[in-house]
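Coordinates as given in my_file-v5.txt (compact mmCIF, C-alpha atoms):
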```txt
# COMPACT_ATOMS: atom_id res chain seq x y z
CA MET A 1 0.00 0.00 0.00
CA ASN A 2 1.26 3.38 -0.91
CA PRO A 3 1.80 5.30 2.34
CA ASN A 4 1.44 8.63 0.59
CA PRO A 5 -1.16 8.56 -2.16
CA ASP A 6 -0.44 12.16 -3.07
CA ALA A 7 3.24 11.57 -3.57
CA ARG A 8 2.64 10.62 -7.17
CA LEU A 9 1.50 14.18 -7.85
CA ASP A 10 4.66 15.74 -6.51
CA ASP A 11 7.12 17.39 -8.85
CA ALA A 12 9.19 14.25 -8.79
CA ALA A 13 11.43 12.72 -11.36
CA PRO A 14 9.88 10.22 -13.74
CA PRO A 15 9.66 6.66 -12.50
CA PRO A 16 12.66 4.47 -13.25
CA GLU A 17 10.67 2.41 -15.72
CA LEU A 18 10.43 5.44 -17.97
CA ALA A 19 13.67 7.19 -17.11
CA GLY A 20 15.66 5.54 -19.87
CA ALA A 21 13.05 6.14 -22.54
CA LEU A 22 12.59 9.74 -21.56
CA ALA A 23 16.33 10.30 -21.50
CA ARG A 24 16.62 8.98 -25.03
CA LEU A 25 13.77 11.20 -26.15
CA ARG A 26 15.37 14.21 -24.45
CA THR A 27 18.69 13.55 -26.13
CA ASP A 28 17.06 13.15 -29.51
CA LEU A 29 15.02 16.32 -29.05
CA ALA A 30 18.03 18.32 -27.88
CA ALA A 31 19.76 17.55 -31.16
CA GLU A 32 17.05 19.44 -33.02
CA HIS A 33 17.57 23.11 -33.85
CA ALA A 34 15.40 25.68 -35.48
CA PRO A 35 16.25 25.73 -39.19
CA PRO A 36 18.28 28.77 -40.29
CA ALA A 37 15.56 29.64 -42.76
CA VAL A 38 13.28 30.48 -39.86
CA TRP A 39 15.50 33.37 -38.76
CA THR A 40 15.69 34.61 -42.33
CA ARG A 41 11.92 34.66 -42.54
CA VAL A 42 11.58 36.25 -39.12
CA ARG A 43 14.08 38.93 -40.03
CA SER A 44 12.32 39.71 -43.30
CA ALA A 45 8.96 39.96 -41.60
CA ALA A 46 10.33 42.01 -38.72
CA LEU A 47 12.34 44.53 -40.73
CA PRO A 48 9.44 46.90 -41.46
CA ALA A 49 8.48 46.85 -37.81
CA ALA A 50 12.03 47.33 -36.65
CA SER A 51 12.79 50.28 -38.91
CA PRO A 52 13.11 53.43 -36.81
CA HIS A 53 11.21 55.35 -39.50
CA SER A 54 8.29 53.00 -39.53
CA PRO A 55 5.13 53.91 -37.64
CA ALA A 56 5.04 50.38 -36.35
CA ALA A 57 8.53 50.57 -34.91
CA PRO A 58 8.80 49.84 -31.20
CA GLN A 59 9.05 53.07 -29.29
CA ALA A 60 12.02 53.45 -27.02
CA GLU A 61 10.21 55.96 -24.91
CA MET A 62 6.69 56.82 -24.00
CA ARG A 63 4.84 58.87 -26.56
CA PRO A 64 1.86 60.61 -25.04
CA VAL A 65 -1.27 61.04 -27.06
CA ILE A 66 -1.86 64.63 -25.95
CA THR A 67 0.94 67.19 -25.77
CA TRP A 68 1.14 70.57 -24.16
CA PRO A 69 0.58 72.65 -27.31
CA ALA A 70 -2.55 70.66 -28.12
CA LEU A 71 -3.78 71.02 -24.57
CA ALA A 72 -3.13 74.78 -24.55
CA ALA A 73 -4.96 75.22 -27.84
CA GLY A 74 -7.87 73.18 -26.56
CA MET A 75 -8.04 75.20 -23.37
CA ALA A 76 -8.01 78.46 -25.30
CA VAL A 77 -10.86 77.30 -27.48
CA LEU A 78 -12.75 76.11 -24.44
CA ALA A 79 -12.25 79.42 -22.65
CA ALA A 80 -13.40 81.35 -25.70
CA LEU A 81 -16.50 79.23 -26.03
CA LEU A 82 -17.26 79.66 -22.36
CA LEU A 83 -16.92 83.42 -22.59
CA ILE A 84 -19.10 83.55 -25.68
CA TRP A 85 -21.71 81.50 -23.96
CA TRP A 86 -21.46 83.38 -20.70
CA VAL A 87 -21.59 86.94 -21.92
CA GLY A 88 -23.97 86.27 -24.74
CA PRO A 89 -27.36 88.02 -24.66
CA GLY A 90 -29.21 84.83 -24.03
CA HIS A 91 -27.32 84.14 -20.79
CA ARG A 92 -26.99 87.49 -19.14
CA PRO A 93 -28.80 87.46 -15.84
CA SER A 94 -30.44 90.81 -16.40
CA ALA A 95 -31.65 92.91 -19.24
CA ARG A 96 -28.89 95.43 -18.81
CA PRO A 97 -27.58 97.03 -21.97
CA PRO A 98 -25.06 94.79 -23.60
CA ALA A 99 -22.84 97.77 -24.33
CA ALA A 100 -21.83 97.72 -20.67
CA ALA A 101 -20.02 94.45 -21.10
CA PRO A 102 -16.28 95.09 -21.04
CA ASP A 103 -15.17 92.34 -23.34
CA MET A 104 -17.31 92.97 -26.35
CA GLY A 105 -15.78 93.78 -29.64
CA ALA A 106 -16.68 97.13 -31.15
CA GLY A 107 -15.75 96.33 -34.72
CA PRO A 108 -17.74 94.93 -37.56
CA VAL A 109 -18.27 91.71 -35.71
CA GLY A 110 -20.53 93.58 -33.34
CA ARG A 111 -21.15 91.56 -30.18
CA VAL A 112 -18.63 88.85 -30.73
CA PRO A 113 -16.45 88.77 -27.59
CA ARG A 114 -12.72 88.72 -27.77
CA ALA A 115 -11.13 85.51 -26.55
CA SER A 116 -8.99 86.28 -23.53
CA GLY A 117 -8.21 82.81 -22.31
CA PHE A 118 -9.85 83.56 -18.99
CA VAL A 119 -12.18 80.99 -17.55
CA PRO A 120 -14.88 82.58 -15.40
CA VAL A 121 -15.04 81.25 -11.88
CA ALA A 122 -17.56 83.64 -10.38
CA SER A 123 -21.18 82.82 -10.99
CA PRO A 124 -22.92 84.91 -13.65
CA GLU A 125 -25.08 86.51 -10.98
CA ARG A 126 -22.08 87.49 -8.86
CA PHE A 127 -20.20 88.68 -11.89
CA ALA A 128 -23.07 90.94 -12.94
CA GLU A 129 -23.47 92.22 -9.41
CA LEU A 130 -19.81 93.14 -9.13
CA TRP A 131 -19.78 94.66 -12.55
CA GLN A 132 -22.70 96.90 -11.81
CA GLY A 133 -21.42 97.66 -8.37
CA GLY A 134 -18.24 99.38 -9.40
CA ALA A 135 -16.16 97.46 -11.83
CA GLN A 136 -16.58 100.22 -14.36
CA ALA A 137 -15.20 102.79 -11.92
CA ALA A 138 -12.49 100.55 -10.51
CA PRO A 139 -11.63 98.00 -13.16
CA ALA A 140 -10.51 94.56 -12.22
CA TRP A 141 -6.82 93.75 -12.44
CA VAL A 142 -4.79 90.72 -13.25
CA VAL A 143 -2.78 89.01 -10.54
CA ARG A 144 -0.20 86.42 -11.44
CA THR A 145 0.00 83.54 -9.02
CA GLU A 146 0.39 79.81 -8.67
CA LEU A 147 -2.47 77.48 -8.00
CA PRO A 148 -2.42 73.91 -6.68
CA ARG A 149 -2.83 71.69 -9.69
CA GLU A 150 -5.76 69.94 -8.11
CA ARG A 151 -7.68 73.20 -8.38
CA LEU A 152 -7.92 72.50 -12.10
CA ALA A 153 -10.49 69.85 -11.34
CA ALA A 154 -12.63 72.42 -9.53
CA LEU A 155 -12.49 74.51 -12.71
CA GLY A 156 -13.60 71.57 -14.79
CA LEU A 157 -10.21 71.20 -16.43
CA PRO A 158 -8.22 67.97 -16.73
CA TYR A 159 -5.21 67.48 -14.55
CA ASP A 160 -2.79 64.69 -13.79
CA PRO A 161 -3.33 63.36 -10.24
CA ALA A 162 0.25 62.12 -10.22
CA ARG A 163 1.38 65.74 -10.38
CA ALA A 164 -1.23 67.12 -8.03
CA GLY A 165 1.47 68.50 -5.77
CA GLU A 166 2.99 70.66 -8.48
CA PRO A 167 1.65 74.21 -8.79
CA VAL A 168 0.31 75.58 -12.03
CA HIS A 169 0.96 79.15 -13.12
CA ALA A 170 -2.18 81.20 -13.56
CA GLU A 171 -3.46 84.74 -13.82
CA LEU A 172 -6.43 85.75 -11.72
CA LEU A 173 -8.82 88.46 -12.76
CA MET A 174 -9.44 90.14 -9.42
CA HIS A 175 -12.24 92.49 -8.52
CA PRO A 176 -11.42 95.35 -6.12
CA SER A 177 -13.70 93.66 -3.63
CA GLY A 178 -11.34 90.69 -3.56
CA ASP A 179 -13.52 88.42 -5.61
CA VAL A 180 -11.84 86.30 -8.24
CA LEU A 181 -13.76 86.81 -11.44
CA ALA A 182 -11.86 84.57 -13.80
CA VAL A 183 -8.67 82.58 -14.10
CA ARG A 184 -6.31 82.04 -16.98
CA LEU A 185 -3.68 79.30 -17.00
CA THR A 186 -0.38 80.49 -18.30
CA ARG A 187 1.69 77.34 -17.95
CA MET B 1 8.94 70.87 -22.33
CA LEU B 2 7.77 67.76 -20.64
CA PRO B 3 5.02 65.87 -22.40
CA PHE B 4 1.65 66.01 -20.80
CA VAL B 5 0.32 62.61 -19.86
CA PRO B 6 -3.36 62.55 -19.05
CA TRP B 7 -4.29 60.31 -16.19
CA THR B 8 -6.28 58.04 -18.45
CA ILE B 9 -3.19 57.10 -20.45
CA ARG B 10 -0.79 54.78 -18.71
CA PRO B 11 2.84 54.67 -19.73
CA ARG B 12 3.62 51.62 -21.72
CA PRO B 13 6.23 49.22 -20.37
CA ALA B 14 9.70 49.71 -21.62
CA SER B 15 9.98 48.30 -25.09
CA PRO B 16 13.05 46.89 -26.75
CA PRO B 17 15.04 49.42 -28.71
CA ALA B 18 14.44 49.83 -32.39
CA GLY B 19 16.37 47.60 -34.70
CA LEU B 20 16.89 43.90 -34.87
CA ALA B 21 19.59 43.43 -32.26
CA TRP B 22 17.15 42.68 -29.48
CA LEU B 23 15.18 40.32 -31.68
CA ASP B 24 18.38 38.59 -32.74
CA ALA B 25 19.32 38.09 -29.11
CA ALA B 26 15.86 36.78 -28.23
CA TYR B 27 15.97 34.43 -31.20
CA ARG B 28 19.37 33.06 -30.28
CA GLN B 29 18.20 32.44 -26.75
CA GLU B 30 14.76 30.97 -27.31
CA SER B 31 14.30 29.75 -30.86
CA ASP B 32 15.56 26.21 -30.31
CA ALA B 33 13.36 25.67 -27.28
CA VAL B 34 10.29 26.94 -29.10
CA TYR B 35 11.07 24.82 -32.13
CA ARG B 36 11.67 21.69 -30.05
CA TYR B 37 8.46 22.23 -28.15
CA ALA B 38 6.48 22.41 -31.38
CA LEU B 39 8.38 19.59 -33.02
CA ALA B 40 7.89 17.25 -30.09
CA LEU B 41 4.19 17.95 -30.13
CA CYS B 42 3.50 17.70 -33.84
CA GLY B 43 6.36 15.64 -35.25
CA ASP B 44 6.30 17.83 -38.34
CA ALA B 45 9.49 19.82 -38.89
CA ALA B 46 7.88 22.20 -41.38
CA LEU B 47 4.96 22.95 -39.11
CA ALA B 48 7.28 23.38 -36.13
CA ALA B 49 9.35 25.86 -38.16
CA ASP B 50 6.20 27.73 -39.15
CA VAL B 51 4.93 28.16 -35.64
CA THR B 52 8.40 29.17 -34.43
CA HIS B 53 8.43 31.80 -37.15
CA GLU B 54 4.98 33.01 -36.12
CA ALA B 55 6.01 33.31 -32.49
CA PHE B 56 9.01 35.52 -33.23
CA VAL B 57 7.21 37.62 -35.80
CA ALA B 58 4.49 38.27 -33.23
CA LEU B 59 7.18 39.33 -30.77
CA ALA B 60 8.78 41.62 -33.35
CA HIS B 61 5.51 43.32 -34.22
CA ALA B 62 4.26 43.76 -30.67
CA PRO B 63 7.17 43.58 -28.24
CA GLU B 64 5.18 45.50 -25.66
CA ALA B 65 2.78 42.55 -25.43
CA PHE B 66 5.42 40.59 -23.55
CA ASP B 67 5.19 41.36 -19.86
CA PRO B 68 8.23 40.04 -17.96
CA SER B 69 6.28 40.18 -14.72
CA ARG B 70 3.97 37.46 -16.00
CA GLY B 71 6.58 34.94 -17.01
CA SER B 72 9.71 34.30 -18.99
CA LEU B 73 10.21 35.18 -22.62
CA GLY B 74 10.53 31.49 -23.40
CA ALA B 75 7.14 30.77 -21.90
CA TYR B 76 5.62 33.70 -23.76
CA LEU B 77 6.98 32.54 -27.10
CA ALA B 78 6.01 28.94 -26.45
CA GLY B 79 2.51 30.12 -25.66
CA ILE B 80 2.29 31.90 -29.02
CA ALA B 81 3.66 28.83 -30.75
CA ARG B 82 1.09 26.71 -28.97
CA HIS B 83 -1.76 28.85 -30.26
CA ALA B 84 -0.32 28.79 -33.75
CA LEU B 85 0.06 25.04 -33.61
CA LEU B 86 -3.51 24.51 -32.48
CA ALA B 87 -4.76 26.92 -35.14
CA ALA B 88 -2.84 25.05 -37.80
CA TRP B 89 -4.27 21.79 -36.61
CA ARG B 90 -7.76 23.16 -36.69
CA LEU B 91 -7.19 24.37 -40.22
CA ARG B 92 -6.01 20.95 -41.21
CA ASP B 93 -9.08 19.51 -39.58
CA ARG B 94 -7.00 17.15 -37.55
CA HIS B 95 -8.37 15.61 -34.48
CA VAL B 96 -6.97 17.23 -31.38
CA LEU B 97 -8.16 16.11 -28.02
CA LEU B 98 -8.38 19.27 -25.98
CA ASP B 99 -9.94 17.99 -22.83
CA ASP B 100 -9.78 15.16 -20.42
CA ALA B 101 -13.04 13.63 -21.58
CA ALA B 102 -11.28 10.62 -23.03
CA ASP B 103 -9.37 10.00 -19.87
CA ASP B 104 -9.59 6.36 -19.04
CA ASP B 105 -9.13 4.43 -15.88
CA ASP B 106 -5.79 5.90 -14.91
CA GLU B 107 -7.22 6.96 -11.59
CA ALA B 108 -8.62 3.52 -11.01
CA ARG B 109 -5.19 2.09 -11.57
CA PRO B 110 -2.88 4.59 -9.96
CA HIS B 111 -0.09 2.11 -9.50
CA ALA B 112 -0.16 0.56 -12.93
CA MET B 113 3.53 1.09 -13.49
CA SER B 114 4.51 -0.34 -10.19
CA GLU B 115 2.65 -3.53 -10.94
CA ALA B 116 5.45 -4.69 -13.18
CA ALA B 117 8.85 -5.60 -11.94
CA PRO B 118 10.80 -2.34 -12.31
CA ASP B 119 14.03 -3.85 -13.60
CA ARG B 120 12.44 -5.93 -16.28
CA GLU B 121 10.08 -3.13 -17.23
CA ALA B 122 12.92 -0.70 -17.62
CA THR B 123 14.84 -3.12 -19.73
CA LEU B 124 11.95 -3.80 -22.03
CA ILE B 125 11.01 -0.17 -22.43
CA GLY B 126 14.61 0.88 -22.88
CA GLU B 127 14.99 -1.50 -25.77
CA GLN B 128 12.31 0.24 -27.78
CA ARG B 129 13.46 1.91 -30.94
CA LEU B 130 13.55 5.70 -30.95
CA GLU B 131 10.84 5.89 -33.59
CA ALA B 132 8.60 3.75 -31.42
CA LEU B 133 9.24 6.02 -28.46
CA TRP B 134 8.25 9.11 -30.43
CA ALA B 135 5.24 7.31 -31.84
CA ALA B 136 4.16 6.48 -28.33
CA VAL B 137 4.59 10.10 -27.23
CA ARG B 138 2.62 11.40 -30.18
CA GLY B 139 -0.04 8.83 -29.57
CA LEU B 140 -0.83 10.45 -26.27
CA PRO B 141 -3.86 12.75 -26.16
CA TRP B 142 -2.89 16.38 -26.57
CA PRO B 143 -3.10 17.50 -22.92
CA PHE B 144 -0.95 14.62 -21.71
CA ARG B 145 1.48 14.88 -24.60
CA GLU B 146 1.96 18.58 -23.98
CA ALA B 147 2.51 18.07 -20.27
CA LEU B 148 5.04 15.31 -20.91
CA VAL B 149 6.92 17.35 -23.52
CA LEU B 150 7.10 20.43 -21.33
CA VAL B 151 8.08 18.73 -18.11
CA ASP B 152 9.86 15.53 -18.99
CA LEU B 153 11.37 16.28 -22.39
CA GLN B 154 12.08 20.00 -22.17
CA GLU B 155 12.55 19.90 -18.40
CA ARG B 156 10.82 23.22 -17.90
CA PRO B 157 9.82 24.20 -14.38
CA TYR B 158 6.30 23.13 -13.49
CA ALA B 159 5.15 26.72 -13.07
CA GLU B 160 6.41 27.70 -16.50
CA ALA B 161 4.93 24.59 -18.09
CA ALA B 162 1.58 25.35 -16.50
CA GLN B 163 1.74 28.90 -17.83
CA ILE B 164 2.45 27.72 -21.36
CA ALA B 165 -0.32 25.16 -21.26
CA GLY B 166 -2.67 27.67 -19.70
CA ILE B 167 -3.66 25.41 -16.82
CA GLU B 168 -3.37 25.29 -13.06
CA LEU B 169 -0.28 23.83 -11.49
CA ASN B 170 -2.13 20.90 -9.96
CA THR B 171 -3.78 20.15 -13.27
CA LEU B 172 -0.37 20.02 -14.87
CA ARG B 173 0.91 17.68 -12.18
CA THR B 174 -2.02 15.38 -12.79
CA ARG B 175 -1.48 15.44 -16.53
CA VAL B 176 2.21 14.68 -16.21
CA HIS B 177 1.44 11.76 -13.99
CA ARG B 178 -1.19 10.39 -16.34
CA ALA B 179 1.00 10.97 -19.35
CA ARG B 180 3.72 8.87 -17.77
CA LEU B 181 1.25 6.12 -17.01
CA ARG B 182 -0.06 6.11 -20.56
CA LEU B 183 3.41 6.24 -22.04
CA ALA B 184 4.58 3.35 -19.93
CA ARG B 185 1.53 1.37 -20.95
CA ALA B 186 2.07 2.19 -24.60
CA LEU B 187 5.72 1.17 -24.46
CA ARG B 188 5.11 -2.04 -22.59
CA PRO B 189 5.68 -5.00 -24.90
CA ALA B 190 2.49 -6.62 -26.10
CA SER B 191 3.33 -9.84 -24.39
CA ARG B 192 3.14 -8.16 -21.02
CA SER B 193 -0.28 -6.72 -21.60
CA GLU B 194 -1.75 -10.13 -22.22
CA PRO B 195 -3.00 -12.11 -19.27
```
Could you express the structure from this file as structure tokens?
Amino acid sequence: MNPNPDARLDDAAPPPELAGALARLRTDLAAEHAPPAVWTRVRSAALPAASPHSPAAPQAEMRPVITWPALAAGMAVLAALLLIWWVGPGHRPSARPPAAAPDMGAGPVGRVPRASGFVPVASPERFAELWQGGAQAAPAWVVRTELPRERLAALGLPYDPARAGEPVHAELLMHPSGDVLAVRLTR
Amino acid sequence: MLPFVPWTIRPRPASPPAGLAWLDAAYRQESDAVYRYALALCGDAALAADVTHEAFVALAHAPEAFDPSRGSLGAYLAGIARHALLAAWRLRDRHVLLDDAADDDDEARPHAMSEAAPDREATLIGEQRLEALWAAVRGLPWPFREALVLVDLQERPYAEAAQIAGIELNTLRTRVHRARLRLARALRPASRSEP
């Protein structure tokens, strides 16, 4: 009786009855080598992929899909669209004359706003209140500062959590009352 | 300027450098093992060469698909060769037993090999011609043949063999054991199998 029924499942050497046969098979198999033609075929098939000028070439370094210039351009377009939407006649909180808006073009384009890159952070109601309450007499000014990168999320902008600790350069459009009207990312 | 990497895009693992030097080195290191694995399973040198070629071409075209943390390069290439071999067999409409459904009464006779006198058994089996030995190996059902080739003929570690075969370690152990039983039975001279 086998004292250890599970011993046969151990990673043990083959039983002696088969050892000789398996050794002969191993020796015979070890004498086999991949034909040289295989490498020739592999090389031919791999050459286009291995060419450094080929799009399919393995990349030695990470190539991001989105780069800084593309991101900056996208943010500028987004800011412009937001400003157009925000200061447009259909979204002003009151029926005040549109001529009072500070960022409207006066040329042939009429009421088309100029893109400034600023993203409004104050609510439209607060913005209108501040504007009517003295912004014309004491215009807002721009303050350069650094923001925690994670604040980008609060502005609805993408940011890399891995770099959350790094500051991002920004310009704040400040009202004399201390309210931040808008923010523009500079770098 | 540093590239901006959105959080949704993960850096890819380091890939081999461009050119063929890395592929040449990988080929020198692994090609024979991949070829022998395929040859021992199919017994067809041309088919073994084809699947070896397919494995290395796949590596050349998508080197980033190999993840060293999941296993060795040899196991990765053997796995590709295995898929290519099975695909070729399916195309040729050859019968490949892919499960244990045809398993016979190995479990009912766990000590079949030990029933015979070891010395005489070894002598009789050892006298078999090489062609007969290979025929016996290739007569094994696919799962057992693969387990025997990986463990007993290529002497790969059990963990690596299990990874190539895509099975659990204990399943591989069982298959190796049953493959040995079947091989011993197949190699036993006909006179001994008669009552």
query: CA of Ala46 (chain A) to CA of Leu20 (chain B): how many Å, to one decimal?
result: 7.8 Å
message: So the first atom is CA of Ala37 (chain A) and the second is CA of Val149 (chain B); what is the distance between them in Å, to one decimal place?
response: 24.4 Å
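The interatomic distance for the pair CA of Val143 (chain A) and CA of Glu171 (chain A) works out to 5.4 Å.
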Residues within 12 Å of Ser31 (chain B), only C-alpha atoms, excluding chain neighbours under 3 positions, as JSON, numbers by chain: {"A": [32, 33, 34, 35, 36, 37, 38, 39, 42], "B": [23, 24, 25, 26, 27, 28, 34, 35, 36, 37, 38, 39, 48, 49, 50, 51, 52, 53, 54, 55, 56, 57, 59, 73, 74, 75, 76, 77, 78, 81]}
message: Using all atoms listed in the file, which protein or nucleic acid residues come within 9 Å of Leu78 (chain A)? Drop anything in the same chain fewer than 5 positions from it, and give the result as JSON, numbers by chain.
response: {"A": [73, 83, 117, 119]}
message: Counting only C-alpha atoms, which residue out of A:Val168, A:Leu130, A:Ser177, A:Arg26 sits closest to Trp134 (chain B)?
response: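 Ranking A:Val168, A:Leu130, A:Ser177, A:Arg26 by distance to Trp134 (chain B), first place goes to A:Arg26.
Minimum atom-to-atom distance to chain B, evaluated using all atoms listed in the file, belongs to A:Arg163 out of A:Trp141, A:Arg149, A:Trp86, A:Arg163.
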task: Could you tell me which of B:Ile167, B:Leu130, B:Cys42, B:Leu91 comes closest to chain A if we count all atoms listed in the file?
output: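 So, comparing all the options, the nearest one is B:Leu130.
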Pick from B:Arg70, B:His61, B:Pro143, B:Ala88, whichever lies nearest to Ala45 (chain A) using all atoms listed in the file: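 Counting all atoms listed in the file, the residue closest to Ala45 (chain A) is B:His61.
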message: From the options A:Gly20, A:Gln132, A:Leu25, A:Leu147, which residue's atoms come nearest to Val137 (chain B), counting all atoms listed in the file?
response: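 For Val137 (chain B), the nearest of the given residues is A:Leu25.
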task: Would you kindly return, as a PyMOL selection string, each protein, DNA or RNA residue with an atom no farther than 9 Å from any atom of Ala179 (chain B), considering only C-alpha atoms and excluding same-chain residues fewer than 4 positions away?
output: chain B and resi 137+140-141+143-148+174-175+183-184
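Each of B:Ile164, B:Ala60, B:Leu41, B:Leu172 was checked against Arg43 (chain A) using all atoms listed in the file; the smallest atom-to-atom distance is that of B:Ala60.
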task: Can you pull out every residue within 7 Å of Ala161 (chain B), counting only C-alpha atoms, but drop anything in the same chain fewer than 4 positions away, and send it as a list in words?
output: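 Residues near the query, excluding close chain neighbours: Leu150, Val151, Arg156, Pro157 and Ala165 of chain B.
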message: Residues near Val180 (chain A), anyone? I mean within 12 Å using all atoms listed in the file, not counting same-chain ones fewer than 4 positions away, as a PyMOL selection string.
response: chain A and resi 118-123+126-127+130+140-143+171-176+184
